[in-house]
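Trainee: So that you have it, the file is target28.pdb, and it contains PDB, C-alpha atoms:
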```
ATOM      1  CA  MET K   1     162.470 106.328  81.528
ATOM      2  CA  ASP K   2     162.191 103.906  84.387
ATOM      3  CA  THR K   3     158.844 102.886  85.816
ATOM      4  CA  LYS K   4     158.774 105.587  88.485
ATOM      5  CA  GLU K   5     159.506 108.319  85.945
ATOM      6  CA  LYS K   6     156.690 107.075  83.707
ATOM      7  CA  LEU K   7     154.323 107.076  86.666
ATOM      8  CA  ASN K   8     155.341 110.586  87.694
ATOM      9  CA  LYS K   9     154.642 111.917  84.196
ATOM     10  CA  LEU K  10     151.211 110.303  84.341
ATOM     11  CA  ARG K  11     150.599 111.857  87.753
ATOM     12  CA  ASP K  12     151.581 115.282  86.421
ATOM     13  CA  TYR K  13     149.151 114.825  83.549
ATOM     14  CA  ALA K  14     146.365 113.869  85.960
ATOM     15  CA  GLU K  15     147.080 116.871  88.166
ATOM     16  CA  ALA K  16     146.747 119.190  85.164
ATOM     17  CA  LEU K  17     143.261 117.808  84.477
ATOM     18  CA  GLU K  18     142.085 119.302  87.803
ATOM     19  CA  SER K  19     138.908 117.195  87.782
ATOM     20  CA  VAL K  20     137.928 114.315  85.520
ATOM     21  CA  VAL K  21     135.339 111.698  84.596
ATOM     22  CA  VAL K  22     137.096 108.527  83.420
ATOM     23  CA  ALA K  23     135.498 106.243  80.839
ATOM     24  CA  PHE K  24     136.010 103.022  82.774
ATOM     25  CA  SER K  25     135.677  99.545  81.264
ATOM     26  CA  GLY K  26     137.696  97.745  83.923
ATOM     27  CA  GLY K  27     140.432  96.869  81.440
ATOM     28  CA  VAL K  28     144.121  97.443  82.146
ATOM     29  CA  ASP K  29     144.278 100.821  80.380
ATOM     30  CA  SER K  30     141.253 102.556  81.894
ATOM     31  CA  SER K  31     142.072 101.044  85.294
ATOM     32  CA  LEU K  32     145.484 102.689  85.302
ATOM     33  CA  VAL K  33     144.005 106.043  84.277
ATOM     34  CA  ALA K  34     141.352 105.755  87.001
ATOM     35  CA  LYS K  35     143.913 104.722  89.625
ATOM     36  CA  VAL K  36     146.328 107.570  88.947
ATOM     37  CA  CYS K  37     143.587 110.183  88.604
ATOM     38  CA  PHE K  38     142.065 109.098  91.902
ATOM     39  CA  ASP K  39     145.438 109.000  93.674
ATOM     40  CA  VAL K  40     146.183 112.537  92.490
ATOM     41  CA  LEU K  41     142.753 114.169  92.464
ATOM     42  CA  GLY K  42     140.794 112.188  95.068
ATOM     43  CA  GLY K  43     137.111 113.127  94.993
ATOM     44  CA  LYS K  44     137.686 115.240  91.887
ATOM     45  CA  ALA K  45     137.981 112.028  89.871
ATOM     46  CA  MET K  46     135.200 109.544  89.164
ATOM     47  CA  ALA K  47     134.828 106.469  86.968
ATOM     48  CA  VAL K  48     131.813 105.787  84.763
ATOM     49  CA  THR K  49     131.036 102.402  83.223
ATOM     50  CA  ALA K  50     128.470 101.994  80.450
ATOM     51  CA  ARG K  51     126.509  98.730  80.439
ATOM     52  CA  SER K  52     125.127  97.582  77.098
ATOM     53  CA  GLU K  53     124.420  94.540  74.908
ATOM     54  CA  THR K  54     128.059  94.476  73.765
ATOM     55  CA  TYR K  55     129.547  94.583  77.280
ATOM     56  CA  PRO K  56     129.287  91.184  78.997
ATOM     57  CA  ALA K  57     128.329  90.709  82.628
ATOM     58  CA  PHE K  58     131.692  89.253  83.663
ATOM     59  CA  GLU K  59     133.429  92.424  82.448
ATOM     60  CA  TYR K  60     131.079  94.603  84.471
ATOM     61  CA  GLU K  61     131.702  92.515  87.578
ATOM     62  CA  GLU K  62     135.439  92.915  87.046
ATOM     63  CA  ALA K  63     135.066  96.685  86.567
ATOM     64  CA  THR K  64     133.090  96.959  89.808
ATOM     65  CA  LYS K  65     135.730  94.985  91.680
ATOM     66  CA  ILE K  66     138.609  97.069  90.344
ATOM     67  CA  ALA K  67     136.834 100.360  91.069
ATOM     68  CA  LYS K  68     136.421  99.255  94.700
ATOM     69  CA  GLU K  69     140.062  98.225  94.799
ATOM     70  CA  ILE K  70     141.098 101.672  93.564
ATOM     71  CA  GLY K  71     138.629 103.468  95.832
ATOM     72  CA  ILE K  72     137.323 105.776  93.129
ATOM     73  CA  SER K  73     133.670 106.824  92.945
ATOM     74  CA  HIS K  74     132.029 104.550  90.368
ATOM     75  CA  MET K  75     128.870 105.288  88.398
ATOM     76  CA  THR K  76     127.059 102.916  86.045
ATOM     77  CA  ILE K  77     125.028 104.155  83.098
ATOM     78  CA  HIS K  78     123.087 102.171  80.526
ATOM     79  CA  THR K  79     123.494 102.530  76.785
ATOM     80  CA  SER K  80     122.212 100.600  73.764
ATOM     81  CA  GLU K  81     124.601 100.549  70.838
ATOM     82  CA  LEU K  82     122.112  98.596  68.742
ATOM     83  CA  ASN K  83     119.778 101.594  68.859
ATOM     84  CA  ILE K  84     122.449 104.049  67.712
ATOM     85  CA  LYS K  85     121.819 105.051  64.109
ATOM     86  CA  GLY K  86     124.416 103.386  61.891
ATOM     87  CA  PHE K  87     125.895 101.053  64.509
ATOM     88  CA  ALA K  88     123.952  97.806  64.045
ATOM     89  CA  GLU K  89     124.664  97.798  60.296
ATOM     90  CA  ASN K  90     128.301  97.261  61.309
ATOM     91  CA  PRO K  91     130.145  99.657  58.972
ATOM     92  CA  THR K  92     133.933  99.956  59.139
ATOM     93  CA  ASN K  93     133.572 103.074  61.312
ATOM     94  CA  ARG K  94     131.144 101.362  63.706
ATOM     95  CA  CYS K  95     133.202 102.324  66.769
ATOM     96  CA  TYR K  96     132.868 105.999  65.912
ATOM     97  CA  PHE K  97     129.101 105.879  66.505
ATOM     98  CA  CYS K  98     129.502 104.023  69.796
ATOM     99  CA  LYS K  99     132.204 106.298  71.193
ATOM    100  CA  SER K 100     130.413 109.453  70.067
ATOM    101  CA  GLU K 101     127.369 108.498  72.120
ATOM    102  CA  LEU K 102     129.407 107.314  75.109
ATOM    103  CA  PHE K 103     131.642 110.369  75.275
ATOM    104  CA  GLY K 104     128.657 112.646  74.770
ATOM    105  CA  LYS K 105     126.988 111.115  77.831
ATOM    106  CA  LEU K 106     130.172 111.392  79.864
ATOM    107  CA  LYS K 107     130.551 115.053  78.888
ATOM    108  CA  ASP K 108     127.009 115.633  80.148
ATOM    109  CA  ILE K 109     127.833 113.918  83.449
ATOM    110  CA  ALA K 110     131.019 115.965  83.797
ATOM    111  CA  MET K 111     129.176 119.204  83.133
ATOM    112  CA  ALA K 112     126.372 118.375  85.562
ATOM    113  CA  ARG K 113     128.851 117.593  88.352
ATOM    114  CA  GLY K 114     131.282 120.404  87.667
ATOM    115  CA  PHE K 115     134.139 118.239  86.390
ATOM    116  CA  LYS K 116     136.418 119.914  83.851
ATOM    117  CA  ASN K 117     137.469 116.930  81.747
ATOM    118  CA  VAL K 118     136.590 113.507  80.407
ATOM    119  CA  ALA K 119     139.402 110.989  79.909
ATOM    120  CA  ASP K 120     139.666 107.544  78.372
ATOM    121  CA  GLY K 121     142.166 104.677  78.347
ATOM    122  CA  ALA K 122     143.328 104.908  74.729
ATOM    123  CA  ASN K 123     147.042 104.168  74.461
ATOM    124  CA  PHE K 124     149.738 104.884  71.888
ATOM    125  CA  ASP K 125     149.451 101.430  70.287
ATOM    126  CA  ASP K 126     145.894 102.364  69.282
ATOM    127  CA  THR K 127     147.192 105.056  66.927
ATOM    128  CA  SER K 128     148.659 102.439  64.588
ATOM    129  CA  GLU K 129     145.432 100.390  64.420
ATOM    130  CA  HIS K 130     141.988 100.931  62.913
ATOM    131  CA  ARG K 131     140.349 102.848  65.764
ATOM    132  CA  PRO K 132     137.508 105.114  64.550
ATOM    133  CA  GLY K 133     136.673 105.845  68.172
ATOM    134  CA  LEU K 134     139.789 108.022  68.380
ATOM    135  CA  GLU K 135     138.144 110.501  66.022
ATOM    136  CA  ALA K 136     135.088 110.688  68.275
ATOM    137  CA  ALA K 137     137.357 111.379  71.254
ATOM    138  CA  LYS K 138     139.103 114.149  69.340
ATOM    139  CA  GLU K 139     135.828 115.768  68.271
ATOM    140  CA  LEU K 140     134.531 115.824  71.845
ATOM    141  CA  SER K 141     137.852 116.941  73.397
ATOM    142  CA  VAL K 142     138.229 113.752  75.433
ATOM    143  CA  ARG K 143     141.670 113.482  77.006
ATOM    144  CA  SER K 144     143.767 110.343  76.505
ATOM    145  CA  PRO K 145     146.634 110.462  79.034
ATOM    146  CA  LEU K 146     148.268 107.188  77.991
ATOM    147  CA  LYS K 147     148.153 107.987  74.283
ATOM    148  CA  ASP K 148     149.312 111.561  74.768
ATOM    149  CA  LEU K 149     152.308 110.429  76.825
ATOM    150  CA  GLY K 150     153.234 107.814  74.211
ATOM    151  CA  TYR K 151     152.662 104.867  76.552
ATOM    152  CA  ARG K 152     152.228 101.468  74.931
ATOM    153  CA  LYS K 153     150.517  98.435  76.428
ATOM    154  CA  SER K 154     153.842  97.157  77.791
ATOM    155  CA  ASP K 155     154.393 100.463  79.635
ATOM    156  CA  ILE K 156     150.864 100.355  81.025
ATOM    157  CA  ARG K 157     151.263  96.835  82.386
ATOM    158  CA  GLU K 158     154.625  97.790  83.854
ATOM    159  CA  ILE K 159     153.217 100.810  85.713
ATOM    160  CA  SER K 160     150.086  98.906  86.775
ATOM    161  CA  HIS K 161     152.236  96.116  88.224
ATOM    162  CA  TYR K 162     154.326  98.708  90.073
ATOM    163  CA  LEU K 163     151.100 100.110  91.581
ATOM    164  CA  ASN K 164     149.908  96.602  92.525
ATOM    165  CA  LEU K 165     146.751  96.810  90.448
ATOM    166  CA  SER K 166     145.348  93.281  90.502
ATOM    167  CA  ASN K 167     144.444  93.314  86.797
ATOM    168  CA  TRP K 168     147.856  94.446  85.519
ATOM    169  CA  ASP K 169     148.197  91.273  83.431
ATOM    170  CA  LYS K 170     144.543  90.959  82.401
ATOM    171  CA  PRO K 171     144.214  89.836  78.756
ATOM    172  CA  SER K 172     143.048  92.458  76.292
ATOM    173  CA  TYR K 173     139.310  92.400  75.738
ATOM    174  CA  ALA K 174     137.461  94.159  72.928
ATOM    175  CA  CYS K 175     133.804  95.096  72.564
ATOM    176  CA  MET K 176     131.685  92.097  71.500
ATOM    177  CA  SER K 177     130.797  93.839  68.241
ATOM    178  CA  SER K 178     134.356  93.160  67.071
ATOM    179  CA  ARG K 179     133.452  89.483  66.609
ATOM    180  CA  PHE K 180     131.467  90.152  63.398
ATOM    181  CA  PRO K 181     132.701  90.810  59.851
ATOM    182  CA  TYR K 182     132.072  94.378  58.711
ATOM    183  CA  GLY K 183     128.780  94.654  56.887
ATOM    184  CA  GLU K 184     127.117  91.806  58.788
ATOM    185  CA  ALA K 185     124.303  93.214  60.906
ATOM    186  CA  ILE K 186     124.800  92.922  64.651
ATOM    187  CA  THR K 187     121.781  91.687  66.606
ATOM    188  CA  GLU K 188     121.161  90.883  70.232
ATOM    189  CA  GLY K 189     120.640  87.221  69.327
ATOM    190  CA  LYS K 190     124.051  86.987  67.655
ATOM    191  CA  LEU K 191     125.709  88.690  70.616
ATOM    192  CA  VAL K 192     124.145  86.120  72.959
ATOM    193  CA  LEU K 193     125.476  83.321  70.743
ATOM    194  CA  VAL K 194     129.043  84.634  70.762
ATOM    195  CA  ALA K 195     128.932  85.354  74.491
ATOM    196  CA  ALA K 196     127.873  81.785  75.259
ATOM    197  CA  ALA K 197     130.667  80.383  73.087
ATOM    198  CA  GLU K 198     133.292  82.585  74.738
ATOM    199  CA  ASP K 199     131.945  81.748  78.200
ATOM    200  CA  TYR K 200     132.683  78.099  77.456
ATOM    201  CA  LEU K 201     136.275  78.848  76.425
ATOM    202  CA  ARG K 202     136.716  80.884  79.590
ATOM    203  CA  SER K 203     135.278  78.055  81.694
ATOM    204  CA  ILE K 204     137.937  75.604  80.517
ATOM    205  CA  GLY K 205     140.772  77.899  81.570
ATOM    206  CA  LEU K 206     141.633  79.844  78.416
ATOM    207  CA  ARG K 207     142.543  83.505  78.999
ATOM    208  CA  GLN K 208     143.239  85.055  75.588
ATOM    209  CA  PHE K 209     140.761  84.159  72.848
ATOM    210  CA  ARG K 210     138.057  85.341  70.488
ATOM    211  CA  VAL K 211     135.107  83.612  68.836
ATOM    212  CA  ARG K 212     134.622  85.275  65.451
ATOM    213  CA  HIS K 213     131.085  84.885  64.147
ATOM    214  CA  HIS K 214     130.677  84.021  60.452
ATOM    215  CA  ASP K 215     126.959  83.230  60.105
ATOM    216  CA  THR K 216     126.761  79.502  60.969
ATOM    217  CA  ILE K 217     130.534  79.191  61.440
ATOM    218  CA  ALA K 218     132.425  79.849  64.664
ATOM    219  CA  ARG K 219     136.079  80.736  63.990
ATOM    220  CA  ILE K 220     138.000  80.299  67.227
ATOM    221  CA  GLU K 221     141.173  82.288  67.806
ATOM    222  CA  ILE K 222     143.401  81.195  70.696
ATOM    223  CA  LEU K 223     147.128  81.415  71.362
ATOM    224  CA  PRO K 224     148.998  78.710  69.388
ATOM    225  CA  GLU K 225     150.434  77.313  72.615
ATOM    226  CA  ASP K 226     146.859  76.680  73.775
ATOM    227  CA  PHE K 227     145.910  74.535  70.765
ATOM    228  CA  PRO K 228     146.471  71.270  72.701
ATOM    229  CA  LYS K 229     143.898  72.382  75.285
ATOM    230  CA  LEU K 230     141.201  72.151  72.630
ATOM    231  CA  LEU K 231     142.498  69.227  70.609
ATOM    232  CA  GLN K 232     143.558  66.690  73.214
ATOM    233  CA  ASN K 233     142.032  64.600  75.975
ATOM    234  CA  GLY K 234     138.522  64.623  74.601
ATOM    235  CA  LYS K 235     138.208  68.413  74.600
ATOM    236  CA  ARG K 236     137.760  68.557  70.824
ATOM    237  CA  THR K 237     134.547  66.516  70.956
ATOM    238  CA  GLU K 238     133.290  68.437  73.984
ATOM    239  CA  LEU K 239     134.004  71.730  72.215
ATOM    240  CA  ILE K 240     132.182  70.699  69.043
ATOM    241  CA  ASN K 241     129.151  69.445  70.954
ATOM    242  CA  THR K 242     128.998  72.561  73.113
ATOM    243  CA  PHE K 243     129.236  74.993  70.200
ATOM    244  CA  LYS K 244     126.602  73.089  68.241
ATOM    245  CA  GLU K 245     124.296  73.135  71.249
ATOM    246  CA  ILE K 246     124.829  76.893  71.415
ATOM    247  CA  GLY K 247     123.725  77.190  67.791
ATOM    248  CA  TYR K 248     126.713  76.962  65.451
ATOM    249  CA  LYS K 249     126.675  74.483  62.559
ATOM    250  CA  TYR K 250     130.421  74.467  61.961
ATOM    251  CA  VAL K 251     133.265  74.865  64.461
ATOM    252  CA  THR K 252     136.717  75.900  63.258
ATOM    253  CA  LEU K 253     140.076  76.637  64.895
ATOM    254  CA  ASP K 254     142.021  79.418  63.191
ATOM    255  CA  ILE K 255     145.556  78.003  62.931
ATOM    256  CA  GLU K 256     147.012  81.514  62.678
ATOM    257  CA  GLY K 257     145.996  81.913  66.301
ATOM    258  CA  TYR K 258     144.719  84.849  68.312
ATOM    259  CA  ARG K 259     145.472  88.337  67.031
ATOM    260  CA  SER K 260     143.886  91.578  68.077
ATOM    261  CA  GLY K 261     141.562  93.125  65.493
ATOM    262  CA  SER K 262     141.651  90.271  62.999
ATOM    263  CA  MET K 263     138.400  91.494  61.451
ATOM    264  CA  ASN K 264     140.341  94.574  60.326
ATOM    265  CA  GLU K 265     142.569  92.468  58.076
ATOM    266  CA  VAL K 266     140.100  92.901  55.204
ATOM    267  CA  LEU K 267     140.706  96.661  55.356
ATOM    268  CA  LYS K 268     144.373  96.181  54.424
ATOM    269  CA  GLN K 269     143.661  94.503  51.087
TER     270      GLN K 269
END
```
Rewrite the coordinates I just gave you, this time as structure tokens.
Mentor:
Amino acid sequence: MDTKEKLNKLRDYAEALESVVVAFSGGVDSSLVAKVCFDVLGGKAMAVTARSETYPAFEYEEATKIAKEIGISHMTIHTSELNIKGFAENPTNRCYFCKSELFGKLKDIAMARGFKNVADGANFDDTSEHRPGLEAAKELSVRSPLKDLGYRKSDIREISHYLNLSNWDKPSYACMSSRFPYGEAITEGKLVLVAAAEDYLRSIGLRQFRVRHHDTIARIEILPEDFPKLLQNGKRTELINTFKEIGYKYVTLDIEGYRSGSMNEVLKQ
């Protein structure tokens, strides 16, 4: 299919929803779902963003900007993953607990406002990864247009670019809880630590990165082509000093580079 055909299939899917609440993070995937649903359904589509300890302020600001760009009605709710039973202990199915609560709240909003469906931005690539949240979506009958149509991230960026969405090439961004090894308790203090470290990397111009938290060790994942940005022209010393001021004792650069879901690698052993 060419880009227009892919878009038309997505529009047909949105039309069949009749009315929908979109789980909206402001990322590329949920932005495309929100855009197409709004274009097709107008006021019968709305976006809902959940603010929490694991969702940084810069992401919320981006979500607000994109929602205005799209024109869709945008609601903000507040959640606390750390208070969800089972979440803070960081089990391998941690995302299931988070998504169950989120989708439950969105179902309540949909019911209260007379909307027939709840949809998310899960895509087909997610089906080949460790994504416990997909089970929560299935249990609560949440619709996943991109996944159901077999659209991968490359398709989503292609369609988003065609529609002139400003974030079509935005780097993938995962919930902050993904920075911790499974079994290590997640606390608000640790989340603040990681957020500060990642804010620094963002401030020096990096776009795709993660700071993985291993107790007193920060394991930095960046694209291999970005290694010189941290190792040359005095940046290495600045990086070390900054991370130690934040609270880390040891600062490491993972020479394998950035890869999505690296904390899941232990599950493959």
Trainee: Mind pulling up the distance from atom CA of Val118 of chain K to atom CA of Gly71 of chain K?
Mentor: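 We find that atom CA of Gly71 of chain K and atom CA of Val118 of chain K lie 18.5 Å from each other.
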Trainee: Show me, as a ChimeraX atom specification, the residues that have an atom within 12 Å of Gly42 of chain K when counting only C-alpha atoms, minus same-chain residues fewer than 2 positions from it.
Mentor: /K:14-15,18-21,34-40,44-47,70-73
Trainee: So, counting only C-alpha atoms, which residue among K:Arg11, K:Asp2, K:Pro132, K:Thr54 is closest to Ser25 of chain K?
Mentor: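 Counting only C-alpha atoms, the residue closest to Ser25 of chain K is K:Thr54.
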Trainee: Under the rule that all atoms listed in the file are counted, which of K:Lys107, K:Arg94, K:Ile240, K:Lys147 is the nearest residue to Ser128 of chain K?
Mentor: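 Closest to Ser128 of chain K, using all atoms listed in the file: K:Lys147.
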Trainee: When distances are computed from only C-alpha atoms, which of K:Leu41, K:Ala122, K:Thr187, K:Glu81 shows the smallest separation from Ala16 of chain K?
Mentor: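 Of K:Leu41, K:Ala122, K:Thr187, K:Glu81, the one nearest Ala16 of chain K, counting only C-alpha atoms, is K:Leu41.
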Trainee: Using Å and a single decimal, report how far atom CA of Lys153 of chain K sits from atom CA of Glu135 of chain K.
Mentor: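 Atom CA of Lys153 of chain K lies at a distance of 20.2 Å from atom CA of Glu135 of chain K.
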Trainee: Could you build a table of the residues in segment 98-200 of chain K lying no more than 8 Å from segment 242-254 of chain K, giving for each the nearest pair of atoms and their separation in Å rounded to one decimal place, using all atoms listed in the file, ordered by chain and ascending residue number, as a tab-separated table?
Mentor:
```
residue	atom	partner	partner_atom	distance
K:Leu193	CA	K:Ile246	CA	6.5
K:Ala196	CA	K:Ile246	CA	6.9
K:Ala197	CA	K:Phe243	CA	6.3
K:Tyr200	CA	K:Thr242	CA	7.9
```
Trainee: Would you translate the PyMOL selection byres ((chain K and resi 67) around 12) into the concrete set of residues it matches in this file, as a PyMOL selection string?
Mentor: chain K and resi 22-28+30-35+38+45-49+60-66+68-76+165-167
